[in-house]
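*Asks:* What follows is the file query-v6.cif, containing mmCIF, N, CA and C atoms:
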```
data_query
#
loop_
_atom_site.label_atom_id
_atom_site.label_comp_id
_atom_site.auth_asym_id
_atom_site.auth_seq_id
_atom_site.Cartn_x
_atom_site.Cartn_y
_atom_site.Cartn_z
N MET A 1 67.35 5.74 -19.44
CA MET A 1 67.73 5.43 -20.79
C MET A 1 66.55 5.71 -21.72
N ALA A 2 66.85 6.22 -22.90
CA ALA A 2 65.81 6.56 -23.88
C ALA A 2 65.18 5.30 -24.45
N LYS A 3 63.91 5.42 -24.78
CA LYS A 3 63.18 4.29 -25.33
C LYS A 3 62.97 4.53 -26.82
N PHE A 4 63.16 3.47 -27.63
CA PHE A 4 62.99 3.58 -29.07
C PHE A 4 61.50 3.54 -29.40
N ILE A 5 61.06 4.54 -30.12
CA ILE A 5 59.68 4.60 -30.60
C ILE A 5 59.74 4.81 -32.11
N TYR A 6 59.23 3.83 -32.85
CA TYR A 6 59.21 3.93 -34.32
C TYR A 6 57.99 4.76 -34.70
N ARG A 7 58.24 5.89 -35.31
CA ARG A 7 57.14 6.82 -35.59
C ARG A 7 56.20 6.34 -36.68
N MET A 8 56.61 5.33 -37.45
CA MET A 8 55.73 4.80 -38.50
C MET A 8 55.25 3.38 -38.14
N GLN A 9 55.16 3.09 -36.85
CA GLN A 9 54.74 1.77 -36.39
C GLN A 9 53.32 1.45 -36.86
N ASN A 10 52.46 2.46 -36.90
CA ASN A 10 51.09 2.22 -37.34
C ASN A 10 51.05 1.78 -38.81
N ILE A 11 51.96 2.29 -39.63
CA ILE A 11 52.04 1.87 -41.03
C ILE A 11 52.52 0.42 -41.10
N LEU A 12 53.52 0.09 -40.30
CA LEU A 12 54.02 -1.29 -40.26
C LEU A 12 52.90 -2.24 -39.81
N ASN A 13 52.16 -1.84 -38.79
CA ASN A 13 51.04 -2.67 -38.32
C ASN A 13 50.01 -2.88 -39.43
N LEU A 14 49.72 -1.81 -40.17
CA LEU A 14 48.77 -1.89 -41.27
C LEU A 14 49.28 -2.85 -42.35
N LYS A 15 50.56 -2.75 -42.68
CA LYS A 15 51.15 -3.64 -43.70
C LYS A 15 51.09 -5.10 -43.24
N GLN A 16 51.31 -5.33 -41.96
CA GLN A 16 51.24 -6.69 -41.43
C GLN A 16 49.80 -7.22 -41.51
N MET A 17 48.85 -6.37 -41.21
CA MET A 17 47.44 -6.76 -41.27
C MET A 17 47.04 -7.05 -42.72
N LEU A 18 47.47 -6.20 -43.65
CA LEU A 18 47.15 -6.42 -45.05
C LEU A 18 47.77 -7.72 -45.56
N GLU A 19 48.98 -8.01 -45.11
CA GLU A 19 49.62 -9.26 -45.51
C GLU A 19 48.83 -10.46 -44.98
N SER A 20 48.36 -10.37 -43.76
CA SER A 20 47.56 -11.46 -43.19
C SER A 20 46.28 -11.68 -43.99
N GLN A 21 45.64 -10.59 -44.39
CA GLN A 21 44.43 -10.70 -45.19
C GLN A 21 44.73 -11.34 -46.55
N GLU A 22 45.84 -10.93 -47.15
CA GLU A 22 46.22 -11.50 -48.45
C GLU A 22 46.54 -12.99 -48.32
N LYS A 23 47.14 -13.38 -47.19
CA LYS A 23 47.42 -14.80 -46.97
C LYS A 23 46.11 -15.59 -46.90
N ALA A 24 45.13 -15.02 -46.23
CA ALA A 24 43.83 -15.69 -46.11
C ALA A 24 43.15 -15.80 -47.48
N GLU A 25 43.20 -14.73 -48.25
CA GLU A 25 42.59 -14.75 -49.58
C GLU A 25 43.32 -15.73 -50.50
N PHE A 26 44.64 -15.79 -50.36
CA PHE A 26 45.42 -16.74 -51.16
C PHE A 26 45.03 -18.17 -50.79
N ALA A 27 44.88 -18.42 -49.51
CA ALA A 27 44.49 -19.77 -49.06
C ALA A 27 43.13 -20.16 -49.61
N LEU A 28 42.19 -19.21 -49.62
CA LEU A 28 40.86 -19.48 -50.19
C LEU A 28 40.95 -19.79 -51.68
N ALA A 29 41.76 -19.00 -52.40
CA ALA A 29 41.91 -19.23 -53.84
C ALA A 29 42.58 -20.58 -54.10
N ALA A 30 43.55 -20.93 -53.27
CA ALA A 30 44.22 -22.23 -53.42
C ALA A 30 43.24 -23.38 -53.16
N ALA A 31 42.40 -23.21 -52.17
CA ALA A 31 41.40 -24.24 -51.86
C ALA A 31 40.40 -24.39 -53.01
N ARG A 32 39.99 -23.27 -53.57
CA ARG A 32 39.04 -23.30 -54.69
C ARG A 32 39.69 -23.99 -55.90
N GLU A 33 40.93 -23.64 -56.17
CA GLU A 33 41.63 -24.25 -57.31
C GLU A 33 41.78 -25.75 -57.10
N SER A 34 42.10 -26.14 -55.91
CA SER A 34 42.24 -27.56 -55.58
C SER A 34 40.91 -28.29 -55.75
N GLU A 35 39.84 -27.66 -55.31
CA GLU A 35 38.50 -28.26 -55.45
C GLU A 35 38.12 -28.42 -56.92
N GLU A 36 38.43 -27.41 -57.74
CA GLU A 36 38.11 -27.49 -59.16
C GLU A 36 38.91 -28.61 -59.83
N ARG A 37 40.16 -28.78 -59.43
CA ARG A 37 40.99 -29.88 -59.96
C ARG A 37 40.43 -31.24 -59.52
N ARG A 38 39.95 -31.30 -58.30
CA ARG A 38 39.36 -32.55 -57.80
C ARG A 38 38.12 -32.91 -58.61
N LYS A 39 37.29 -31.91 -58.90
CA LYS A 39 36.10 -32.14 -59.72
C LYS A 39 36.48 -32.64 -61.11
N LEU A 40 37.51 -32.05 -61.69
CA LEU A 40 37.97 -32.47 -63.01
C LEU A 40 38.45 -33.91 -62.98
N SER A 41 39.18 -34.24 -61.97
CA SER A 41 39.67 -35.61 -61.81
C SER A 41 38.50 -36.59 -61.70
N ALA A 42 37.50 -36.23 -60.94
CA ALA A 42 36.32 -37.08 -60.79
C ALA A 42 35.61 -37.28 -62.12
N LEU A 43 35.56 -36.22 -62.93
CA LEU A 43 34.92 -36.34 -64.25
C LEU A 43 35.71 -37.29 -65.15
N PHE A 44 37.03 -37.21 -65.09
CA PHE A 44 37.84 -38.13 -65.89
C PHE A 44 37.61 -39.58 -65.46
N ILE A 45 37.46 -39.79 -64.18
CA ILE A 45 37.19 -41.15 -63.67
C ILE A 45 35.83 -41.63 -64.17
N ARG A 46 34.83 -40.75 -64.09
CA ARG A 46 33.49 -41.12 -64.58
C ARG A 46 33.52 -41.43 -66.07
N LYS A 47 34.26 -40.61 -66.83
CA LYS A 47 34.38 -40.85 -68.28
C LYS A 47 35.00 -42.21 -68.53
N SER A 48 36.05 -42.51 -67.81
CA SER A 48 36.72 -43.80 -67.95
C SER A 48 35.76 -44.94 -67.63
N ASP A 49 34.98 -44.79 -66.58
CA ASP A 49 34.01 -45.83 -66.21
C ASP A 49 32.97 -46.04 -67.31
N TYR A 50 32.46 -44.92 -67.87
CA TYR A 50 31.48 -45.04 -68.96
C TYR A 50 32.10 -45.70 -70.19
N GLU A 51 33.34 -45.34 -70.50
CA GLU A 51 34.02 -45.94 -71.65
C GLU A 51 34.22 -47.45 -71.44
N LYS A 52 34.57 -47.84 -70.22
CA LYS A 52 34.72 -49.27 -69.92
C LYS A 52 33.38 -49.99 -70.06
N SER A 53 32.33 -49.37 -69.54
CA SER A 53 31.00 -49.97 -69.64
C SER A 53 30.57 -50.08 -71.11
N LEU A 54 30.87 -49.08 -71.90
CA LEU A 54 30.56 -49.12 -73.33
C LEU A 54 31.31 -50.26 -74.01
N ALA A 55 32.59 -50.40 -73.68
CA ALA A 55 33.39 -51.47 -74.28
C ALA A 55 32.83 -52.83 -73.89
N VAL A 56 32.42 -52.99 -72.64
CA VAL A 56 31.83 -54.25 -72.19
C VAL A 56 30.53 -54.52 -72.95
N SER A 57 29.73 -53.48 -73.14
CA SER A 57 28.46 -53.63 -73.87
C SER A 57 28.70 -54.04 -75.31
N LEU A 58 29.72 -53.49 -75.92
CA LEU A 58 30.02 -53.82 -77.31
C LEU A 58 30.65 -55.20 -77.46
N ASP A 59 31.33 -55.67 -76.43
CA ASP A 59 32.00 -56.97 -76.49
C ASP A 59 31.07 -58.13 -76.13
N SER A 60 29.92 -57.86 -75.61
CA SER A 60 29.02 -58.94 -75.19
C SER A 60 28.41 -59.64 -76.41
N ASP A 61 27.92 -60.85 -76.20
CA ASP A 61 27.33 -61.63 -77.29
C ASP A 61 26.06 -60.98 -77.81
N GLN A 62 25.26 -60.48 -76.91
CA GLN A 62 24.03 -59.81 -77.31
C GLN A 62 24.19 -58.32 -77.05
N ILE A 63 24.21 -57.54 -78.10
CA ILE A 63 24.41 -56.09 -77.97
C ILE A 63 23.05 -55.45 -77.73
N ASP A 64 22.97 -54.71 -76.63
CA ASP A 64 21.75 -53.97 -76.29
C ASP A 64 21.94 -52.55 -76.82
N LEU A 65 21.21 -52.24 -77.87
CA LEU A 65 21.36 -50.95 -78.53
C LEU A 65 21.07 -49.78 -77.59
N LYS A 66 20.07 -49.92 -76.74
CA LYS A 66 19.74 -48.85 -75.78
C LYS A 66 20.93 -48.59 -74.85
N GLU A 67 21.51 -49.67 -74.37
CA GLU A 67 22.64 -49.55 -73.44
C GLU A 67 23.84 -48.91 -74.13
N VAL A 68 24.13 -49.31 -75.35
CA VAL A 68 25.26 -48.75 -76.11
C VAL A 68 25.03 -47.26 -76.35
N ASN A 69 23.83 -46.90 -76.76
CA ASN A 69 23.52 -45.48 -76.99
C ASN A 69 23.60 -44.67 -75.69
N PHE A 70 23.13 -45.27 -74.60
CA PHE A 70 23.21 -44.59 -73.31
C PHE A 70 24.66 -44.26 -72.96
N TYR A 71 25.54 -45.25 -73.09
CA TYR A 71 26.94 -45.03 -72.72
C TYR A 71 27.64 -44.07 -73.69
N ARG A 72 27.29 -44.14 -74.98
CA ARG A 72 27.87 -43.18 -75.94
C ARG A 72 27.44 -41.75 -75.58
N ASP A 73 26.16 -41.60 -75.30
CA ASP A 73 25.67 -40.26 -74.91
C ASP A 73 26.32 -39.81 -73.60
N ALA A 74 26.47 -40.74 -72.68
CA ALA A 74 27.09 -40.40 -71.40
C ALA A 74 28.53 -39.95 -71.61
N VAL A 75 29.28 -40.64 -72.48
CA VAL A 75 30.67 -40.27 -72.76
C VAL A 75 30.72 -38.88 -73.40
N ARG A 76 29.83 -38.62 -74.35
CA ARG A 76 29.78 -37.28 -74.99
C ARG A 76 29.46 -36.20 -73.95
N THR A 77 28.50 -36.48 -73.10
CA THR A 77 28.12 -35.50 -72.06
C THR A 77 29.28 -35.24 -71.10
N ILE A 78 29.94 -36.31 -70.69
CA ILE A 78 31.07 -36.16 -69.76
C ILE A 78 32.20 -35.38 -70.43
N LYS A 79 32.44 -35.63 -71.73
CA LYS A 79 33.48 -34.87 -72.44
C LYS A 79 33.15 -33.38 -72.42
N SER A 80 31.90 -33.05 -72.62
CA SER A 80 31.47 -31.65 -72.57
C SER A 80 31.67 -31.09 -71.15
N MET A 81 31.30 -31.88 -70.17
CA MET A 81 31.48 -31.44 -68.78
C MET A 81 32.97 -31.26 -68.46
N ILE A 82 33.81 -32.12 -69.01
CA ILE A 82 35.25 -32.01 -68.78
C ILE A 82 35.78 -30.71 -69.39
N ARG A 83 35.33 -30.38 -70.60
CA ARG A 83 35.76 -29.10 -71.22
C ARG A 83 35.36 -27.92 -70.34
N ASP A 84 34.10 -27.95 -69.86
CA ASP A 84 33.63 -26.86 -68.99
C ASP A 84 34.45 -26.81 -67.70
N GLN A 85 34.73 -27.97 -67.14
CA GLN A 85 35.48 -28.01 -65.88
C GLN A 85 36.92 -27.56 -66.09
N MET A 86 37.49 -27.87 -67.24
CA MET A 86 38.86 -27.41 -67.54
C MET A 86 38.89 -25.87 -67.57
N PHE A 87 37.83 -25.29 -68.10
CA PHE A 87 37.72 -23.83 -68.10
C PHE A 87 37.65 -23.31 -66.67
N GLU A 88 36.88 -23.98 -65.82
CA GLU A 88 36.78 -23.57 -64.42
C GLU A 88 38.12 -23.71 -63.70
N VAL A 89 38.85 -24.77 -64.02
CA VAL A 89 40.18 -24.95 -63.41
C VAL A 89 41.10 -23.83 -63.85
N LYS A 90 41.03 -23.48 -65.13
CA LYS A 90 41.88 -22.40 -65.64
C LYS A 90 41.54 -21.07 -64.96
N LYS A 91 40.24 -20.79 -64.79
CA LYS A 91 39.83 -19.57 -64.10
C LYS A 91 40.33 -19.57 -62.65
N ALA A 92 40.22 -20.71 -61.99
CA ALA A 92 40.67 -20.80 -60.60
C ALA A 92 42.19 -20.63 -60.52
N GLN A 93 42.91 -21.17 -61.51
CA GLN A 93 44.37 -21.02 -61.54
C GLN A 93 44.76 -19.56 -61.74
N GLN A 94 44.04 -18.87 -62.62
CA GLN A 94 44.31 -17.45 -62.85
C GLN A 94 44.03 -16.63 -61.59
N ALA A 95 42.94 -16.96 -60.91
CA ALA A 95 42.61 -16.26 -59.66
C ALA A 95 43.69 -16.52 -58.61
N LEU A 96 44.16 -17.76 -58.56
CA LEU A 96 45.23 -18.11 -57.62
C LEU A 96 46.51 -17.34 -57.95
N ASP A 97 46.85 -17.25 -59.22
CA ASP A 97 48.04 -16.49 -59.63
C ASP A 97 47.91 -15.01 -59.25
N MET A 98 46.72 -14.47 -59.45
CA MET A 98 46.48 -13.07 -59.10
C MET A 98 46.63 -12.87 -57.58
N GLU A 99 46.08 -13.79 -56.81
CA GLU A 99 46.20 -13.69 -55.35
C GLU A 99 47.66 -13.86 -54.91
N ARG A 100 48.40 -14.71 -55.61
CA ARG A 100 49.82 -14.89 -55.29
C ARG A 100 50.59 -13.58 -55.52
N GLU A 101 50.27 -12.89 -56.62
CA GLU A 101 50.92 -11.61 -56.91
C GLU A 101 50.57 -10.58 -55.83
N LYS A 102 49.31 -10.54 -55.43
CA LYS A 102 48.90 -9.61 -54.37
C LYS A 102 49.63 -9.92 -53.06
N LEU A 103 49.74 -11.21 -52.75
CA LEU A 103 50.44 -11.61 -51.53
C LEU A 103 51.91 -11.23 -51.59
N ASP A 104 52.54 -11.47 -52.74
CA ASP A 104 53.95 -11.10 -52.91
C ASP A 104 54.14 -9.61 -52.70
N LEU A 105 53.25 -8.81 -53.26
CA LEU A 105 53.34 -7.36 -53.11
C LEU A 105 53.17 -6.96 -51.64
N ALA A 106 52.20 -7.55 -50.96
CA ALA A 106 51.96 -7.24 -49.55
C ALA A 106 53.19 -7.63 -48.71
N MET A 107 53.80 -8.76 -49.03
CA MET A 107 54.99 -9.19 -48.27
C MET A 107 56.15 -8.24 -48.51
N LYS A 108 56.32 -7.79 -49.76
CA LYS A 108 57.40 -6.84 -50.07
C LYS A 108 57.19 -5.53 -49.32
N GLU A 109 55.95 -5.06 -49.29
CA GLU A 109 55.66 -3.80 -48.60
C GLU A 109 55.93 -3.93 -47.10
N ARG A 110 55.53 -5.06 -46.51
CA ARG A 110 55.80 -5.28 -45.09
C ARG A 110 57.30 -5.34 -44.82
N LYS A 111 58.02 -6.07 -45.65
CA LYS A 111 59.47 -6.20 -45.47
C LYS A 111 60.16 -4.84 -45.62
N THR A 112 59.66 -4.02 -46.53
CA THR A 112 60.22 -2.68 -46.70
C THR A 112 60.04 -1.87 -45.41
N GLN A 113 58.84 -1.94 -44.84
CA GLN A 113 58.58 -1.22 -43.59
C GLN A 113 59.45 -1.76 -42.45
N GLU A 114 59.66 -3.07 -42.42
CA GLU A 114 60.50 -3.65 -41.37
C GLU A 114 61.95 -3.19 -41.53
N LYS A 115 62.42 -3.10 -42.78
CA LYS A 115 63.78 -2.61 -43.00
C LYS A 115 63.91 -1.15 -42.58
N LEU A 116 62.89 -0.37 -42.87
CA LEU A 116 62.90 1.03 -42.44
C LEU A 116 62.93 1.12 -40.92
N LYS A 117 62.20 0.24 -40.26
CA LYS A 117 62.21 0.23 -38.79
C LYS A 117 63.58 -0.15 -38.27
N GLU A 118 64.20 -1.16 -38.90
CA GLU A 118 65.55 -1.57 -38.49
C GLU A 118 66.55 -0.42 -38.66
N LYS A 119 66.45 0.29 -39.79
CA LYS A 119 67.35 1.43 -40.03
C LYS A 119 67.12 2.53 -39.00
N ALA A 120 65.87 2.77 -38.68
CA ALA A 120 65.55 3.79 -37.67
C ALA A 120 66.09 3.36 -36.31
N PHE A 121 66.01 2.08 -35.99
CA PHE A 121 66.53 1.59 -34.72
C PHE A 121 68.06 1.69 -34.69
N ASP A 122 68.72 1.35 -35.80
CA ASP A 122 70.17 1.49 -35.88
C ASP A 122 70.59 2.94 -35.70
N SER A 123 69.86 3.84 -36.33
CA SER A 123 70.12 5.26 -36.20
C SER A 123 69.93 5.70 -34.75
N PHE A 124 68.87 5.20 -34.11
CA PHE A 124 68.60 5.51 -32.71
C PHE A 124 69.75 5.03 -31.83
N LYS A 125 70.24 3.82 -32.08
CA LYS A 125 71.35 3.28 -31.29
C LYS A 125 72.61 4.12 -31.49
N GLN A 126 72.86 4.55 -32.72
CA GLN A 126 74.04 5.39 -32.99
C GLN A 126 73.91 6.73 -32.28
N GLU A 127 72.72 7.31 -32.33
CA GLU A 127 72.47 8.58 -31.64
C GLU A 127 72.68 8.44 -30.14
N LEU A 128 72.17 7.35 -29.59
CA LEU A 128 72.30 7.07 -28.17
C LEU A 128 73.77 6.90 -27.79
N ALA A 129 74.50 6.16 -28.61
CA ALA A 129 75.93 5.95 -28.36
C ALA A 129 76.68 7.27 -28.46
N SER A 130 76.33 8.08 -29.43
CA SER A 130 76.97 9.38 -29.60
C SER A 130 76.71 10.28 -28.39
N THR A 131 75.48 10.26 -27.92
CA THR A 131 75.11 11.06 -26.75
C THR A 131 75.87 10.58 -25.52
N GLU A 132 75.94 9.26 -25.35
CA GLU A 132 76.68 8.70 -24.21
C GLU A 132 78.16 9.05 -24.29
N ASN A 133 78.72 9.02 -25.48
CA ASN A 133 80.13 9.39 -25.66
C ASN A 133 80.36 10.85 -25.32
N LYS A 134 79.44 11.73 -25.72
CA LYS A 134 79.56 13.15 -25.39
C LYS A 134 79.52 13.35 -23.88
N ILE A 135 78.58 12.64 -23.24
CA ILE A 135 78.46 12.77 -21.78
C ILE A 135 79.74 12.27 -21.11
N ASN A 136 80.24 11.14 -21.56
CA ASN A 136 81.49 10.60 -21.01
C ASN A 136 82.66 11.56 -21.24
N ASP A 137 82.73 12.13 -22.43
CA ASP A 137 83.80 13.10 -22.73
C ASP A 137 83.69 14.32 -21.82
N GLU A 138 82.48 14.80 -21.62
CA GLU A 138 82.27 15.96 -20.75
C GLU A 138 82.66 15.63 -19.31
N LEU A 139 82.28 14.43 -18.84
CA LEU A 139 82.64 14.02 -17.48
C LEU A 139 84.15 13.89 -17.34
N THR A 140 84.77 13.30 -18.34
CA THR A 140 86.23 13.14 -18.31
C THR A 140 86.90 14.51 -18.35
N SER A 141 86.38 15.37 -19.19
CA SER A 141 86.94 16.72 -19.30
C SER A 141 86.76 17.47 -17.99
N TYR A 142 85.61 17.34 -17.38
CA TYR A 142 85.33 18.02 -16.11
C TYR A 142 86.24 17.48 -15.01
N ARG A 143 86.39 16.20 -14.94
CA ARG A 143 87.26 15.60 -13.93
C ARG A 143 88.71 16.02 -14.14
N TYR A 144 89.12 16.00 -15.39
CA TYR A 144 90.52 16.34 -15.70
C TYR A 144 90.79 17.81 -15.37
N SER A 145 89.83 18.68 -15.74
CA SER A 145 90.03 20.10 -15.50
C SER A 145 89.90 20.42 -14.00
N GLY A 146 89.18 19.60 -13.26
CA GLY A 146 89.03 19.82 -11.83
C GLY A 146 90.28 19.45 -11.05
N ARG A 147 91.15 18.64 -11.57
CA ARG A 147 92.37 18.22 -10.88
C ARG A 147 93.46 19.25 -11.02
N ASN A 148 93.45 20.01 -12.01
CA ASN A 148 94.54 20.97 -12.23
C ASN A 148 94.32 22.26 -11.55
#
```
The structure in this file should be written as structure tokens.
*Replies:*
Amino acid sequence: MAKFIYRMQNILNLKQMLESQEKAEFALAAARESEERRKLSALFIRKSDYEKSLAVSLDSDQIDLKEVNFYRDAVRTIKSMIRDQMFEVKKAQQALDMEREKLDLAMKERKTQEKLKEKAFDSFKQELASTENKINDELTSYRYSGRN
């Protein structure tokens, strides 16, 4: 029996390898984006803590001007850091979106190659069936003509 050999198997293998690489790059971008969001969250928590400390300093009976100024400066600094971190989160999100698009393209290309392989295999099966039918017809014809 004939064996099916897909003549573009090396291209399919390459597409599968490229898809694997894109998956890895997407995972790295997702991890980076997650880390940047975690940093932003931590900054918001620190800002909240400084604001609470400032409120406590202002509500006390004896206001320590140094302490109040320290917390005000700390809140301003954290706000600046939050703006910078929001920019980093946005950059990481854009990189993640770009990697997602690359991954989608790689998956489409692999799926296209797999469909081509399936079509080639279907064609191979039809050819094989056609050949078997011809052989059977010839055998039947030979047997029938041999009896007369």
*Asks:* Find the residues near segment 87-94 of chain A: any atom within 6 Å, counting all atoms listed in the file, skip ones fewer than 6 places away on the same chain, and give them as a list in words.
*Replies:*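 Using all atoms listed in the file, the neighbours found are Arg32, Glu33, Glu36 and Arg37 of chain A.
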*Asks:* Output N, CA and C atoms for every residue in the selection just made, as a PDB file, in the frame of the given file.
*Replies:*
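selection.pdb, written as the output of this step:
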```pdb
ATOM      1  N   ARG A  32      39.990 -23.270 -53.570  1.00  0.00           N
ATOM      2  CA  ARG A  32      39.040 -23.300 -54.690  1.00  0.00           C
ATOM      3  C   ARG A  32      39.690 -23.990 -55.900  1.00  0.00           C
ATOM      4  N   GLU A  33      40.930 -23.640 -56.170  1.00  0.00           N
ATOM      5  CA  GLU A  33      41.630 -24.250 -57.310  1.00  0.00           C
ATOM      6  C   GLU A  33      41.780 -25.750 -57.100  1.00  0.00           C
ATOM      7  N   GLU A  36      38.430 -27.410 -57.740  1.00  0.00           N
ATOM      8  CA  GLU A  36      38.110 -27.490 -59.160  1.00  0.00           C
ATOM      9  C   GLU A  36      38.910 -28.610 -59.830  1.00  0.00           C
ATOM     10  N   ARG A  37      40.160 -28.780 -59.430  1.00  0.00           N
ATOM     11  CA  ARG A  37      40.990 -29.880 -59.960  1.00  0.00           C
ATOM     12  C   ARG A  37      40.430 -31.240 -59.520  1.00  0.00           C
TER      13      ARG A  37
END
```
*Asks:* I want to know what sits within 12 Å of Ala55 of chain A, based on only C-alpha atoms, with residues of the same chain fewer than 3 positions away left out; could you give that as an MDAnalysis selection string?
*Replies:* chainID A and resid 48:52 58:60 63 67:69 71:72 75
*Asks:* Just the number, please: distance in Å from atom CA of Met81 of chain A to atom CA of Arg100 of chain A, one decimal.
*Replies:*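 If I compute the distance from atom CA of Met81 of chain A to atom CA of Arg100 of chain A, I get 28.1 Å.
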*Asks:* Could you state the separation of atom CA of Tyr6 of chain A and atom CA of Gln21 of chain A in Å, given to one decimal place?
*Replies:* 23.5 Å
*Asks:* Can you measure atom CA of Leu40 of chain A to atom CA of Glu22 of chain A for me? One decimal in Å is fine.
*Replies:*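 About the pair atom CA of Leu40 of chain A and atom CA of Glu22 of chain A: they are 26.8 Å apart.
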*Asks:* For segment 133-138 of chain A, I'd like the enclosing box, axis-aligned and padded by 4 Å on every side, reported as lines of an AutoDock Vina configuration file with centre and edge lengths in Å to one decimal.
*Replies:*
```
center_x = 81.1
center_y = 12.5
center_z = -22.5
size_x = 13.3
size_y = 14.9
size_z = 14.4
```
*Asks:* Convert the output of the PyMOL selection byres ((chain A and resi 26) around 8) on the shown file into explicit residues, formatted as a ChimeraX atom specification.
*Replies:* /A:20-25,27-32,95-96,98-100,103
*Asks:* For Leu14 of chain A, which residue among A:Asp97, A:Ala74, A:Arg110, A:Gln62 is the nearest when counting all atoms listed in the file?
*Replies:*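 Closest residue, counting all atoms listed in the file: A:Arg110.
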*Asks:* Which is closer to Gln16 of chain A than all the others in A:Glu101, A:Asp137, A:Glu109, A:Asp61, using only N, CA and C atoms?
*Replies:*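 Nearest candidate to Gln16 of chain A out of A:Glu101, A:Asp137, A:Glu109, A:Asp61: A:Glu109.
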*Asks:* For each of A:Lys102, A:Lys3, A:Arg38, A:Lys117, take the minimum atom-to-atom distance to Glu19 of chain A, counting only C-alpha atoms, then give the residue where this is smallest.
*Replies:*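 Going through A:Lys102, A:Lys3, A:Arg38, A:Lys117 one by one, the smallest distance to Glu19 of chain A is for A:Lys102.
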*Asks:* In terms of the shortest atom-to-atom distance over only C-alpha atoms, which of A:Glu114, A:Asn133, A:Phe44, A:Leu105 is closest to Leu12 of chain A?
*Replies:* A:Glu114
